Amino acid sequence: MRYFVTSLTLLAAITLAGCSSNDDPTDTPTQPTPVQITESFSEKLNVNGARTHSFTVDRAGTVTAQVKALPDGVTIGVSLGTFNGSACAILLSKTDAVLNSTVTGTAQSTGQFCVWVNDVGRLTAGVDYTIEVTHY
């Protein structure tokens with residue numbers, strides 16, 4: 001009988017050891033680090049002109065438009081907005097943008113966005129510019 005009790009105890013210990021779980025309910029799956037995307041738009045802006053550049057935001061987060069190239073002493077308008085396929089609905093605007101000026105906002109959702117560049121009445125001739133947009 002003693003042999004039977006010892007065997008039963010050993011069998012129970014092995015069975016219980018096999019039933020343990022390594023699942024920790026406090027473990028949460030790790031999300032991949034969002035990758036920031038940089039797009040560059042270069043054009044010529046004419047007197048009284050405007051240009052719209054659209055881009056797609058794949059993840060909510062910060063959106064920044066920075067003037068990367070513009071002749072010294074030139075002031076233009078730079079705006080961020082949503083794009084419906086034909087027009088840029090302005091959400092944020094800077095009407096006194098010069099070289100290295102930045103407009104920053106937050107995209108609350110994914111979708112089509114735009115940067116709108118315009119003459120604010122200060123151009124006397126057309127100018128070449130480059131706008132760099134960063135987003136997720």
# chains A, B, ... in the order shown; residues from 1 in each chain; ligands from 1
>>> residues_around(residues="stretch 126-128 of chain A", least_positions_apart="5", cutoff="8 Å", atoms="only C-alpha atoms", output="PyMOL selection string")
chain A and resi 42-47+69-71
>>> select_by_dssp(residues="stretch 30-107 of chain A", states="strand (DSSP E or B)", output="PyMOL selection string")
chain A and resi 37-45+50-57+61-69+76-83+88-97+102-107
>>> residues_around(residues="A:Ala65", least_positions_apart="6", cutoff="8 Å", atoms="only C-alpha atoms", output="list in words")
Val78, Leu80, Thr102, Val103, Thr104, Val115, Ile131, Glu132, Val133 and Thr134 of chain A
>>> write_last_selection(atoms="C-alpha atoms", output="PDB file, in the first residue's frame")
ATOM      1  CA  VAL A  78       2.385  77.971 -45.237  1.00  0.00           C
ATOM      2  CA  LEU A  80      -1.630  72.527 -43.049  1.00  0.00           C
ATOM      3  CA  THR A 102       7.611  75.558 -39.155  1.00  0.00           C
ATOM      4  CA  VAL A 103       3.896  74.819 -38.860  1.00  0.00           C
ATOM      5  CA  THR A 104       3.100  71.923 -36.516  1.00  0.00           C
ATOM      6  CA  VAL A 115       0.321  71.635 -47.149  1.00  0.00           C
ATOM      7  CA  ILE A 131       8.695  72.454 -48.026  1.00  0.00           C
ATOM      8  CA  GLU A 132       9.538  69.370 -45.970  1.00  0.00           C
ATOM      9  CA  VAL A 133       6.594  67.571 -44.353  1.00  0.00           C
ATOM     10  CA  THR A 134       7.057  64.971 -41.617  1.00  0.00           C
TER      11      THR A 134
END
>>> residues_around(residues="stretch 53-63 of chain A", least_positions_apart="2", cutoff="12 Å", atoms="only C-alpha atoms", output="ChimeraX atom specification")
/A:32-43,50-51,65-66,78-89,91-92,102-118,130-136
